[in-house]
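K.L.:
Hey, dropping model_8.txt in here, compact mmCIF, C-alpha atoms:
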```
# COMPACT_ATOMS: atom_id res chain seq x y z
CA MET P 1343 0.00 0.00 0.00
CA ASP P 1344 1.34 3.47 -0.92
CA HIS P 1345 2.28 5.72 1.95
CA CYS P 1346 -0.62 8.02 2.74
CA THR P 1347 -0.92 11.29 4.58
CA ALA P 1348 -3.76 12.38 6.81
CA GLY P 1349 -5.07 15.65 8.15
CA LEU P 1350 -6.91 16.07 11.41
CA ASP P 1351 -8.96 19.18 12.08
CA TRP P 1352 -9.43 19.07 15.83
CA ALA P 1353 -12.30 20.55 17.84
CA SER P 1354 -13.55 20.35 21.40
CA GLU P 1355 -16.18 17.69 20.69
CA VAL P 1356 -15.74 16.18 17.19
CA HIS P 1357 -12.59 15.80 15.07
CA ALA P 1358 -12.61 15.67 11.26
CA ILE P 1359 -10.07 13.40 9.53
CA CYS P 1360 -9.11 13.03 5.87
CA VAL P 1361 -6.65 10.50 4.39
CA VAL P 1362 -5.13 11.02 0.93
CA ASP P 1363 -2.81 8.79 -1.09
CA ARG P 1364 0.42 9.70 -2.89
CA GLU P 1365 -1.54 11.21 -5.81
CA GLY P 1366 -3.73 13.36 -3.57
CA THR P 1367 -6.82 11.20 -4.00
CA VAL P 1368 -9.03 11.02 -0.93
CA ARG P 1369 -8.97 7.49 0.49
CA GLU P 1370 -11.44 8.22 3.26
CA SER P 1371 -12.92 11.03 5.32
CA PHE P 1372 -14.58 10.53 8.67
CA GLU P 1373 -15.29 12.12 12.03
CA VAL P 1374 -14.74 10.87 15.57
CA ALA P 1375 -15.96 12.14 18.91
CA HIS P 1376 -13.48 13.49 21.45
CA ASP P 1377 -14.01 10.69 23.95
CA ALA P 1378 -12.38 7.36 24.79
CA ARG P 1379 -14.36 5.44 22.17
CA GLY P 1380 -13.79 8.04 19.46
CA LEU P 1381 -10.03 8.24 20.03
CA GLY P 1382 -9.81 4.46 20.06
CA GLU P 1383 -11.61 4.31 16.72
CA LEU P 1384 -9.31 7.00 15.33
CA VAL P 1385 -6.18 5.03 16.22
CA ARG P 1386 -7.60 1.79 14.79
CA ARG P 1387 -8.53 3.38 11.45
CA LEU P 1388 -5.23 5.21 11.04
CA ARG P 1389 -3.23 2.07 11.78
CA ARG P 1390 -4.65 0.53 8.60
CA TYR P 1391 -2.26 2.77 6.63
CA PRO P 1392 1.38 1.67 7.13
CA GLY P 1393 3.82 4.57 7.21
CA LEU P 1394 1.04 7.15 7.48
CA ARG P 1395 1.94 10.67 8.61
CA LEU P 1396 -0.75 12.87 10.14
CA ALA P 1397 -0.84 16.67 10.10
CA ILE P 1398 -2.52 18.64 12.88
CA GLU P 1399 -2.51 22.30 13.87
CA ARG P 1400 -1.58 21.76 17.51
CA PRO P 1401 1.51 20.03 18.97
CA ASP P 1402 0.10 19.16 22.39
CA GLY P 1403 -2.91 17.89 24.31
CA LEU P 1404 -4.66 14.61 25.02
CA LEU P 1405 -5.45 13.99 21.35
CA VAL P 1406 -1.83 14.40 20.28
CA ASP P 1407 -0.55 12.36 23.23
CA THR P 1408 -2.92 9.52 22.31
CA LEU P 1409 -1.75 9.48 18.70
CA VAL P 1410 1.96 9.69 19.50
CA GLU P 1411 1.77 6.99 22.15
CA ALA P 1412 -0.09 4.78 19.65
CA GLY P 1413 2.85 5.06 17.25
CA ILE P 1414 1.20 7.43 14.74
CA ALA P 1415 3.64 9.85 13.09
CA VAL P 1416 2.21 13.25 14.06
CA VAL P 1417 3.39 16.39 12.26
CA PRO P 1418 2.34 19.69 13.89
CA ILE P 1419 1.75 22.54 11.43
CA HIS P 1420 1.42 26.11 12.63
CA PRO P 1421 -2.00 27.68 11.88
CA ASN P 1422 -0.31 30.49 9.95
CA LYS P 1423 1.24 27.94 7.60
CA LEU P 1424 -2.15 26.33 7.09
CA LYS P 1425 -3.73 29.72 6.40
CA SER P 1426 -1.29 30.27 3.55
CA ALA P 1427 -1.81 26.75 2.23
CA ARG P 1428 -5.59 27.11 2.34
CA GLU P 1429 -5.40 29.75 -0.39
CA ARG P 1430 -4.32 27.04 -2.83
CA TYR P 1431 -7.65 25.29 -2.41
CA SER P 1432 -10.07 28.19 -1.96
CA SER P 1433 -10.17 31.53 -3.68
CA SER P 1434 -11.60 33.14 -0.56
CA GLY P 1435 -9.36 31.38 1.94
CA ALA P 1436 -12.36 30.98 4.21
CA LYS P 1437 -12.21 28.31 6.88
CA SER P 1438 -14.32 25.16 6.51
CA ASP P 1439 -14.02 22.42 9.10
CA PRO P 1440 -14.39 19.40 6.78
CA GLY P 1441 -12.16 21.11 4.20
CA ASP P 1442 -9.34 21.82 6.62
CA ALA P 1443 -8.76 18.13 7.23
CA TYR P 1444 -8.19 17.68 3.49
CA VAL P 1445 -6.00 20.79 3.26
CA LEU P 1446 -3.81 19.48 6.10
CA ALA P 1447 -3.52 16.03 4.51
CA ASP P 1448 -2.68 17.34 1.04
CA PHE P 1449 -0.35 20.05 2.36
CA LEU P 1450 1.59 17.37 4.24
CA ARG P 1451 1.69 15.29 1.03
CA THR P 1452 3.23 18.10 -1.01
CA ASP P 1453 5.27 19.97 1.62
CA GLY P 1454 5.87 17.33 4.27
CA HIS P 1455 9.65 17.50 3.83
CA ARG P 1456 9.55 20.96 5.45
CA PHE P 1457 8.13 19.75 8.77
CA ARG P 1458 9.40 17.52 11.53
CA GLU P 1459 7.46 14.75 13.16
CA LEU P 1460 6.66 15.12 16.82
CA ARG P 1461 9.08 13.05 18.87
CA PRO P 1462 7.53 10.65 21.38
CA LEU P 1463 8.30 11.09 25.05
CA SER P 1464 11.56 9.59 26.25
CA ASP P 1465 11.57 6.32 28.15
CA GLN P 1466 12.63 8.27 31.25
CA THR P 1467 9.57 10.51 31.01
CA ARG P 1468 7.18 7.65 30.32
CA THR P 1469 8.59 5.80 33.34
CA LEU P 1470 8.17 8.85 35.54
CA ARG P 1471 4.65 9.51 34.23
CA ALA P 1472 3.56 5.94 35.00
CA LEU P 1473 4.84 6.21 38.59
CA VAL P 1474 3.41 9.69 39.16
CA ARG P 1475 -0.04 8.97 37.76
CA THR P 1476 -0.39 5.69 39.63
CA ARG P 1477 0.71 7.37 42.86
CA ASP P 1478 -1.77 10.20 42.32
CA ASP P 1479 -4.58 7.72 41.62
CA LEU P 1480 -3.78 5.87 44.85
CA VAL P 1481 -3.76 9.16 46.77
CA LYS P 1482 -7.19 9.92 45.32
CA ALA P 1483 -8.37 6.50 46.50
CA LYS P 1484 -6.86 7.16 49.94
CA VAL P 1485 -8.76 10.43 50.24
CA ALA P 1486 -12.00 8.71 49.24
CA LEU P 1487 -11.50 5.90 51.78
CA THR P 1488 -10.58 8.38 54.52
CA ASN P 1489 -13.70 10.40 53.82
CA GLN P 1490 -15.82 7.24 54.00
CA LEU P 1491 -14.18 6.35 57.31
CA ALA P 1492 -14.84 9.84 58.69
CA ALA P 1493 -18.48 9.61 57.60
CA GLN P 1494 -18.92 6.28 59.39
CA LEU P 1495 -17.39 7.59 62.62
CA ALA P 1496 -19.46 10.78 62.50
CA VAL P 1497 -22.62 8.68 62.69
CA PHE P 1498 -21.85 6.39 65.62
CA TRP P 1499 -18.51 7.35 67.23
CA PRO P 1500 -17.36 10.94 66.58
CA GLY P 1501 -14.75 10.84 69.32
CA ALA P 1502 -12.67 8.22 67.53
CA GLY P 1503 -12.41 10.53 64.54
CA ALA P 1504 -11.21 13.44 66.67
CA ILE P 1505 -8.69 11.83 69.02
CA PHE P 1506 -5.76 12.08 66.59
CA TYR P 1507 -4.92 14.92 64.22
CA GLN P 1508 -4.97 12.86 61.00
CA LEU P 1509 -7.51 10.12 60.52
CA ASP P 1510 -5.30 8.33 57.98
CA SER P 1511 -2.21 8.37 60.22
CA ALA P 1512 -0.73 5.05 61.34
CA ILE P 1513 -1.64 5.67 64.99
CA ALA P 1514 -5.27 6.60 64.20
CA LEU P 1515 -5.73 3.51 62.04
CA ALA P 1516 -4.15 1.29 64.70
CA PHE P 1517 -6.52 2.76 67.30
CA LEU P 1518 -9.58 2.07 65.15
CA GLU P 1519 -8.35 -1.43 64.39
CA ARG P 1520 -8.14 -2.12 68.15
CA TYR P 1521 -11.24 -0.11 69.12
CA PRO P 1522 -13.63 -0.10 66.13
CA THR P 1523 -16.73 0.71 68.25
CA PRO P 1524 -17.52 2.66 71.43
CA GLU P 1525 -18.30 -0.65 73.10
CA ALA P 1526 -14.82 -1.96 72.30
CA ALA P 1527 -13.34 1.04 74.12
CA THR P 1528 -15.40 0.58 77.28
CA GLY P 1529 -13.10 0.91 80.26
CA LEU P 1530 -10.33 2.57 78.23
CA GLY P 1531 -8.47 4.78 80.70
CA GLU P 1532 -5.19 6.65 80.81
CA TRP P 1533 -3.12 3.59 81.73
CA ARG P 1534 -4.50 1.45 78.89
CA LEU P 1535 -4.29 4.26 76.36
CA ALA P 1536 -0.69 5.01 77.38
CA ALA P 1537 0.21 1.34 76.93
CA PHE P 1538 -1.44 1.32 73.50
CA LEU P 1539 0.49 4.42 72.46
CA ARG P 1540 3.79 2.89 73.57
CA ARG P 1541 3.13 -0.33 71.66
CA ASN P 1542 2.40 1.64 68.49
CA ALA P 1543 5.35 4.03 68.86
CA TYR P 1544 3.18 7.14 69.08
CA CYS P 1545 5.38 10.16 68.44
CA GLY P 1546 2.77 12.84 68.96
CA ARG P 1547 3.22 15.55 71.54
CA LYS P 1548 -0.26 15.47 73.02
CA PRO P 1549 -0.41 14.02 76.55
CA VAL P 1550 -2.50 10.94 77.20
CA GLY P 1551 -4.99 12.89 79.29
CA GLU P 1552 -5.70 15.34 76.48
CA LEU P 1553 -6.24 12.54 73.96
CA LEU P 1554 -8.61 10.78 76.31
CA GLU P 1555 -10.48 14.03 76.92
CA ARG P 1556 -11.05 14.41 73.17
CA LEU P 1557 -12.50 10.93 73.04
CA ARG P 1558 -14.82 11.43 76.01
CA THR P 1559 -16.10 14.94 75.31
CA ALA P 1560 -17.06 14.35 71.66
CA PRO P 1561 -20.79 13.93 70.90
CA ARG P 1562 -22.16 10.42 71.28
CA GLY P 1563 -23.66 8.61 68.32
CA LEU P 1564 -27.36 7.73 68.62
CA VAL P 1565 -27.35 4.19 67.24
CA GLY P 1566 -28.44 0.87 68.65
CA PRO P 1567 -26.04 -1.97 69.54
CA THR P 1568 -26.74 -3.94 66.36
CA GLU P 1569 -26.07 -0.96 64.10
CA SER P 1570 -23.00 -0.06 66.13
CA GLU P 1571 -21.59 -3.55 65.61
CA ALA P 1572 -22.31 -3.39 61.87
CA ARG P 1573 -20.68 0.01 61.53
CA GLY P 1574 -17.71 -1.32 63.47
CA GLU P 1575 -17.28 -3.95 60.76
CA CYS P 1576 -17.39 -1.19 58.15
CA VAL P 1577 -14.74 0.74 60.08
CA LYS P 1578 -12.45 -2.30 60.23
CA ALA P 1579 -12.84 -2.91 56.49
CA LEU P 1580 -11.96 0.70 55.65
CA VAL P 1581 -9.04 0.67 58.09
CA ARG P 1582 -7.61 -2.49 56.53
CA ALA P 1583 -7.96 -1.01 53.04
CA LEU P 1584 -6.07 2.12 54.12
CA GLN P 1585 -3.38 0.09 55.88
CA VAL P 1586 -2.72 -1.73 52.61
CA LEU P 1587 -2.87 1.43 50.49
CA LEU P 1588 -0.60 3.76 52.48
CA PRO P 1589 2.60 1.66 52.20
CA GLN P 1590 2.02 1.33 48.46
CA ILE P 1591 1.83 5.11 48.12
CA ALA P 1592 5.06 5.44 50.09
CA GLU P 1593 6.79 2.87 47.88
CA LEU P 1594 5.70 4.66 44.72
CA GLU P 1595 6.92 7.99 46.11
CA GLY P 1596 10.30 6.41 46.75
CA ALA P 1597 10.39 5.02 43.22
CA LEU P 1598 9.38 8.30 41.60
CA ALA P 1599 12.05 10.13 43.63
CA VAL P 1600 14.66 7.79 42.14
CA ALA P 1601 13.19 8.20 38.64
CA LEU P 1602 13.17 11.99 39.02
CA GLY P 1603 16.80 11.97 40.11
CA GLU P 1604 17.77 9.93 37.05
CA HIS P 1605 15.78 12.06 34.58
CA ALA P 1606 17.74 14.50 32.44
CA ASP P 1607 15.36 17.33 33.41
CA GLY P 1608 14.91 16.27 37.05
CA ALA P 1609 17.33 18.78 38.55
CA LEU P 1610 15.78 21.58 36.47
CA PHE P 1611 12.28 21.00 37.83
CA LYS P 1612 13.52 20.50 41.40
CA SER P 1613 15.31 23.86 41.25
CA PHE P 1614 12.07 25.85 41.51
CA PRO P 1615 10.89 27.14 44.91
CA ARG P 1616 8.74 24.70 46.88
CA ALA P 1617 8.55 22.21 44.02
CA GLY P 1618 9.56 19.26 46.19
CA GLU P 1619 10.20 15.81 44.77
CA VAL P 1620 6.57 14.75 44.33
CA ASN P 1621 5.37 18.05 42.86
CA ALA P 1622 8.45 18.40 40.63
CA ALA P 1623 7.85 14.86 39.38
CA GLN P 1624 4.20 15.69 38.66
CA LEU P 1625 5.18 18.78 36.66
CA LEU P 1626 7.85 16.98 34.66
CA ALA P 1627 5.68 13.93 34.04
CA GLU P 1628 2.88 16.02 32.52
CA ILE P 1629 4.98 18.62 30.67
CA GLY P 1630 7.41 16.01 29.39
CA ASP P 1631 10.75 16.47 27.67
CA VAL P 1632 9.70 17.17 24.06
CA ARG P 1633 10.31 20.91 23.74
CA GLU P 1634 8.50 21.37 20.43
CA ARG P 1635 5.18 20.28 21.98
CA PHE P 1636 4.83 23.70 23.59
CA VAL P 1637 6.01 26.29 21.09
CA ASP P 1638 5.53 29.10 23.60
CA ASP P 1639 4.43 29.63 27.19
CA ASP P 1640 0.90 30.54 26.06
CA VAL P 1641 0.40 27.03 24.68
CA LEU P 1642 1.72 25.52 27.91
CA ALA P 1643 -0.59 27.75 29.98
CA MET P 1644 -3.61 26.67 27.91
CA GLU P 1645 -2.69 23.02 28.33
CA ALA P 1646 -2.42 23.61 32.10
CA GLY P 1647 -5.81 25.34 32.19
CA VAL P 1648 -4.57 28.47 33.97
CA VAL P 1649 -5.74 30.94 31.34
CA PRO P 1650 -9.41 31.63 30.54
CA VAL P 1651 -11.26 30.88 27.33
CA THR P 1652 -12.42 33.88 25.29
CA LYS P 1653 -15.43 33.34 23.04
CA ARG P 1654 -16.61 35.87 20.47
CA SER P 1655 -19.91 35.86 18.63
CA GLY P 1656 -20.69 38.93 16.60
CA LYS P 1657 -20.16 41.90 18.91
CA ALA P 1658 -20.45 39.83 22.08
CA THR P 1659 -17.37 38.58 23.92
CA SER P 1660 -17.36 36.26 26.91
CA VAL P 1661 -14.50 35.06 29.06
CA GLY P 1662 -14.88 31.82 30.99
CA PHE P 1663 -13.06 29.12 32.91
CA ARG P 1664 -10.98 26.74 30.78
CA TRP P 1665 -12.46 23.30 31.37
CA ALA P 1666 -10.73 21.51 28.49
CA CYS P 1667 -7.14 21.01 29.62
CA ASN P 1668 -4.74 18.51 31.14
CA LYS P 1669 -6.32 18.37 34.59
CA ARG P 1670 -3.38 16.52 36.12
CA LEU P 1671 -1.08 19.28 34.93
CA ARG P 1672 -3.43 21.99 36.22
CA ARG P 1673 -3.55 20.35 39.65
CA ALA P 1674 0.25 20.06 39.74
CA VAL P 1675 0.83 23.65 38.59
CA THR P 1676 -1.72 25.28 40.91
CA THR P 1677 -0.52 23.23 43.90
CA TRP P 1678 3.03 24.32 43.21
CA ALA P 1679 2.07 27.97 42.63
CA ASP P 1680 0.13 28.06 45.90
CA ASN P 1681 3.13 26.70 47.81
CA THR P 1682 5.54 29.22 46.28
CA ARG P 1683 3.77 32.07 48.10
CA ARG P 1684 5.49 30.85 51.28
CA ALA P 1685 8.98 30.80 49.79
CA SER P 1686 9.16 33.50 47.09
CA PRO P 1687 8.58 37.21 47.86
CA TRP P 1688 7.92 37.74 44.15
CA ALA P 1689 5.20 35.09 44.13
CA ARG P 1690 3.65 36.38 47.35
CA ALA P 1691 3.54 39.95 46.02
CA LEU P 1692 1.99 38.86 42.71
CA TYR P 1693 -0.67 36.84 44.54
CA GLU P 1694 -1.49 39.72 46.89
CA ARG P 1695 -1.83 42.16 43.97
CA ALA P 1696 -4.29 39.78 42.31
CA ARG P 1697 -6.33 39.56 45.51
CA ALA P 1698 -6.28 43.35 45.86
CA ARG P 1699 -7.79 43.61 42.36
CA GLY P 1700 -10.71 41.49 43.53
CA ALA P 1701 -9.66 37.99 42.44
CA ASP P 1702 -10.72 35.20 44.79
CA HIS P 1703 -8.11 32.71 46.02
CA PRO P 1704 -8.44 30.13 43.19
CA HIS P 1705 -8.36 32.86 40.54
CA ALA P 1706 -5.34 34.52 42.15
CA ILE P 1707 -3.53 31.18 42.24
CA ARG P 1708 -4.20 30.67 38.52
CA ILE P 1709 -2.82 34.16 37.83
CA LEU P 1710 0.29 33.27 39.83
CA ALA P 1711 0.54 29.90 38.08
CA ARG P 1712 0.38 31.63 34.70
CA ALA P 1713 3.27 33.88 35.71
CA TRP P 1714 5.33 30.95 36.96
CA LEU P 1715 4.76 29.04 33.71
CA ARG P 1716 6.44 31.85 31.76
CA VAL P 1717 9.53 31.35 33.90
CA LEU P 1718 9.37 27.56 33.88
CA TRP P 1719 8.87 27.41 30.10
CA ARG P 1720 11.93 29.60 29.51
CA CYS P 1721 14.12 27.52 31.83
CA TRP P 1722 12.77 24.32 30.27
CA GLN P 1723 13.43 25.51 26.72
CA ASP P 1724 16.96 26.68 27.60
CA ARG P 1725 17.63 23.60 29.76
CA VAL P 1726 18.88 25.70 32.66
CA PRO P 1727 17.82 25.42 36.34
CA TYR P 1728 15.87 28.23 37.98
CA ASP P 1729 17.98 31.11 39.32
CA GLU P 1730 16.01 33.32 41.70
CA MET P 1731 18.45 36.26 41.56
CA ARG P 1732 18.41 36.26 37.77
CA HIS P 1733 14.61 36.01 37.75
CA LEU P 1734 14.15 38.91 40.19
CA ALA P 1735 16.64 41.08 38.30
CA ALA P 1736 14.77 40.47 35.04
CA ALA P 1737 11.42 41.20 36.72
CA GLU P 1738 12.75 44.48 38.15
CA ALA P 1739 14.13 45.49 34.77
CA ARG P 1740 10.75 44.91 33.10
CA PHE P 1741 8.99 46.85 35.85
CA ALA P 1742 11.43 49.76 35.50
CA ALA P 1743 10.94 49.83 31.74
```
Could the structure of this file be written out as structure tokens, please?
P.N.:
Amino acid sequence: MDHCTAGLDWASEVHAICVVDREGTVRESFEVAHDARGLGELVRRLRRYPGLRLAIERPDGLLVDTLVEAGIAVVPIHPNKLKSARERYSSSGAKSDPGDAYVLADFLRTDGHRFRELRPLSDQTRTLRALVRTRDDLVKAKVALTNQLAAQLAVFWPGAGAIFYQLDSAIALAFLERYPTPEAATGLGEWRLAAFLRRNAYCGRKPVGELLERLRTAPRGLVGPTESEARGECVKALVRALQVLLPQIAELEGALAVALGEHADGALFKSFPRAGEVNAAQLLAEIGDVRERFVDDDVLAMEAGVVPVTKRSGKATSVGFRWACNKRLRRAVTTWADNTRRASPWARALYERARARGADHPHAIRILARAWLRVLWRCWQDRVPYDEMRHLAAAEARFAA
């Protein structure tokens, strides 16, 4: 089969695809939805053409990641290049969604030698991404289980949920494993509690008397003995699930710390204020190491969902929250930006100015995240670690100008 080229005109809900052969004859045109089933169908249909190269106007995002990871040769083409090429096929140059897929495919057929294929992520990055995403998924499961445990205790034994600072701590889980119901803790006094704490190597600073006071002064649950026993079984099941989950999270965090240290860009991402090993690994895993995916910091900011969406219709313009983005990257970036307020005077001042203009906390954090991404993108492109003095000097120079 002759090598074919394809064009993909992407949209938020439905993507248009056109495949042409070496002579420019259309082999097939179709559309797929932007969901798991649609992207799966897209990959299956494109794999029927050995050696196929696919042109698309954007170099990043879930769609591109899916195609690259499936082994499809993706060639990003700047919209300005496509605008010029479109004039070959239309006297008006007007945009037409179905037509753009063909224009992309045929333009790649005739001018493909001028464009580079998008490189897949390195093995180091794919390794780190697997560890980071699995760890984050387990943390999400831990939060869900902890919330279920708190809800159970709130119904029939609130004191057990308040005795220790963190409900998912080793000491709190050990306590609930030993005393899953109020009845199981009947007769628990200072001597017994002190012995329990010693056996479980409690390192907290609260005296035994204060812990016992928390247990005794909390509201009492209004449930009968049968329900209390049943809820105790639920508590034990949730505790056992958490006791299995927490060591796995710790193991993954150790593994991702090693992977981050071995990654070529690991030191760069760890150089930023308050990044930390886990957060730095999250940022690197989602941004990756293929520089051409994000041609400028605006593209990176859109992928991270920290800039709004502007919609225009006639004379009306609306600005709204950007829902379509890499949500893992947004969570990593906003978490990091929030933490930098405590370590960077520049970040703290920028955040406070945003709040003074009327932005609420989440909005101010996105503004700060957008500013940090300009800095991160530049360091990432130049492959140089963050230098706070250089950053502040450049910021002061821009302000003075």
K.L.:
Can you tell me which residues surround Leu1487 in chain P at a distance of at most 10 Å, considering only C-alpha atoms, apart from same-chain residues fewer than 3 positions away, and format the answer as a list in words?
P.N.:
Val1481, Lys1482, Ala1483, Lys1484, Gln1490, Leu1491, Ala1492, Ala1493, Asp1510, Leu1580, Val1581, Ala1583, Leu1584 and Leu1587 of chain P
K.L.:
Hey, can you check how far CA of Gly1647 in chain P sits from CA of His1703 in chain P?
P.N.:
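Pair CA of Gly1647 in chain P / CA of His1703 in chain P returns 15.8 Å.
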K.L.:
What is the distance between CA of Leu1610 in chain P and CA of Tyr1728 in chain P, in Å to one decimal?
P.N.:
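Result for CA of Leu1610 in chain P versus CA of Tyr1728 in chain P: 6.8 Å, one decimal.
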K.L.:
Compile the contact shell of Leu1394 in chain P as a short mmCIF file (atom, residue, chain, number, x, y, z; two decimals) with C-alpha atoms, in the frame of the given file: residues with an atom at most 10 Å away, counting all atoms listed in the file, same-chain residues fewer than 4 positions apart removed.
P.N.:
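The resulting file, selection_38.cif, is shown below:
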```
data_model
loop_
_atom_site.label_atom_id
_atom_site.label_comp_id
_atom_site.auth_asym_id
_atom_site.auth_seq_id
_atom_site.Cartn_x
_atom_site.Cartn_y
_atom_site.Cartn_z
CA ASP P 1344 1.34 3.47 -0.92
CA HIS P 1345 2.28 5.72 1.95
CA CYS P 1346 -0.62 8.02 2.74
CA THR P 1347 -0.92 11.29 4.58
CA ALA P 1348 -3.76 12.38 6.81
CA VAL P 1361 -6.65 10.50 4.39
CA VAL P 1362 -5.13 11.02 0.93
CA ASP P 1363 -2.81 8.79 -1.09
CA LEU P 1388 -5.23 5.21 11.04
CA ARG P 1389 -3.23 2.07 11.78
CA ARG P 1390 -4.65 0.53 8.60
CA ILE P 1414 1.20 7.43 14.74
CA ALA P 1415 3.64 9.85 13.09
CA VAL P 1416 2.21 13.25 14.06
#
```
K.L.:
Tell me which of P:Gly1596, P:Gly1630, P:Pro1524, P:Pro1687 sits closest to Leu1473 in chain P, counting only C-alpha atoms.
P.N.:
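Closest to Leu1473 in chain P of all the choices is P:Gly1596.
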K.L.:
CA of Gln1508 in chain P and CA of Gly1574 in chain P are how many Å apart?
P.N.:
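These atoms are spaced 19.2 Å apart.
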K.L.:
Because some atoms of range 1557-1575 of chain P are absent here, can you restore N, CA and C atoms and send them as a PDB file, in the frame of the given file?
P.N.:
```pdb
ATOM      1  N   LEU P1557     -11.649  12.096  73.279  1.00  0.00           N
ATOM      2  CA  LEU P1557     -12.500  10.930  73.040  1.00  0.00           C
ATOM      3  C   LEU P1557     -13.788  11.007  73.844  1.00  0.00           C
ATOM      4  N   ARG P1558     -13.674  11.461  75.099  1.00  0.00           N
ATOM      5  CA  ARG P1558     -14.820  11.430  76.010  1.00  0.00           C
ATOM      6  C   ARG P1558     -15.771  12.606  75.831  1.00  0.00           C
ATOM      7  N   THR P1559     -15.250  13.748  75.393  1.00  0.00           N
ATOM      8  CA  THR P1559     -16.100  14.940  75.310  1.00  0.00           C
ATOM      9  C   THR P1559     -16.774  15.093  73.947  1.00  0.00           C
ATOM     10  N   ALA P1560     -16.416  14.266  72.985  1.00  0.00           N
ATOM     11  CA  ALA P1560     -17.060  14.350  71.660  1.00  0.00           C
ATOM     12  C   ALA P1560     -18.510  13.906  71.778  1.00  0.00           C
ATOM     13  N   PRO P1561     -19.384  14.370  70.877  1.00  0.00           N
ATOM     14  CA  PRO P1561     -20.790  13.930  70.900  1.00  0.00           C
ATOM     15  C   PRO P1561     -20.891  12.417  70.775  1.00  0.00           C
ATOM     16  N   ARG P1562     -21.939  11.867  71.343  1.00  0.00           N
ATOM     17  CA  ARG P1562     -22.160  10.420  71.280  1.00  0.00           C
ATOM     18  C   ARG P1562     -23.108  10.095  70.127  1.00  0.00           C
ATOM     19  N   GLY P1563     -22.799   9.034  69.413  1.00  0.00           N
ATOM     20  CA  GLY P1563     -23.660   8.610  68.320  1.00  0.00           C
ATOM     21  C   GLY P1563     -24.940   7.974  68.846  1.00  0.00           C
ATOM     22  N   LEU P1564     -26.055   8.247  68.188  1.00  0.00           N
ATOM     23  CA  LEU P1564     -27.360   7.730  68.620  1.00  0.00           C
ATOM     24  C   LEU P1564     -27.735   6.528  67.759  1.00  0.00           C
ATOM     25  N   VAL P1565     -27.049   5.416  67.979  1.00  0.00           N
ATOM     26  CA  VAL P1565     -27.350   4.190  67.240  1.00  0.00           C
ATOM     27  C   VAL P1565     -27.502   3.043  68.226  1.00  0.00           C
ATOM     28  N   GLY P1566     -28.249   2.043  67.812  1.00  0.00           N
ATOM     29  CA  GLY P1566     -28.440   0.870  68.650  1.00  0.00           C
ATOM     30  C   GLY P1566     -27.240  -0.062  68.597  1.00  0.00           C
ATOM     31  N   PRO P1567     -27.193  -1.060  69.479  1.00  0.00           N
ATOM     32  CA  PRO P1567     -26.040  -1.970  69.540  1.00  0.00           C
ATOM     33  C   PRO P1567     -25.820  -2.762  68.262  1.00  0.00           C
ATOM     34  N   THR P1568     -26.897  -3.161  67.596  1.00  0.00           N
ATOM     35  CA  THR P1568     -26.740  -3.940  66.360  1.00  0.00           C
ATOM     36  C   THR P1568     -26.121  -3.090  65.255  1.00  0.00           C
ATOM     37  N   GLU P1569     -26.633  -1.863  65.125  1.00  0.00           N
ATOM     38  CA  GLU P1569     -26.070  -0.960  64.100  1.00  0.00           C
ATOM     39  C   GLU P1569     -24.630  -0.604  64.443  1.00  0.00           C
ATOM     40  N   SER P1570     -24.358  -0.396  65.720  1.00  0.00           N
ATOM     41  CA  SER P1570     -23.000  -0.060  66.130  1.00  0.00           C
ATOM     42  C   SER P1570     -22.030  -1.177  65.752  1.00  0.00           C
ATOM     43  N   GLU P1571     -22.451  -2.410  65.968  1.00  0.00           N
ATOM     44  CA  GLU P1571     -21.590  -3.550  65.610  1.00  0.00           C
ATOM     45  C   GLU P1571     -21.369  -3.606  64.102  1.00  0.00           C
ATOM     46  N   ALA P1572     -22.432  -3.361  63.334  1.00  0.00           N
ATOM     47  CA  ALA P1572     -22.310  -3.390  61.870  1.00  0.00           C
ATOM     48  C   ALA P1572     -21.381  -2.285  61.378  1.00  0.00           C
ATOM     49  N   ARG P1573     -21.549  -1.099  61.942  1.00  0.00           N
ATOM     50  CA  ARG P1573     -20.680   0.010  61.530  1.00  0.00           C
ATOM     51  C   ARG P1573     -19.235  -0.244  61.965  1.00  0.00           C
ATOM     52  N   GLY P1574     -19.059  -0.940  63.064  1.00  0.00           N
ATOM     53  CA  GLY P1574     -17.710  -1.320  63.470  1.00  0.00           C
ATOM     54  C   GLY P1574     -17.039  -2.207  62.434  1.00  0.00           C
ATOM     55  N   GLU P1575     -17.817  -3.114  61.832  1.00  0.00           N
ATOM     56  CA  GLU P1575     -17.280  -3.950  60.760  1.00  0.00           C
ATOM     57  C   GLU P1575     -16.890  -3.102  59.552  1.00  0.00           C
TER      58      GLU P1575
END
```
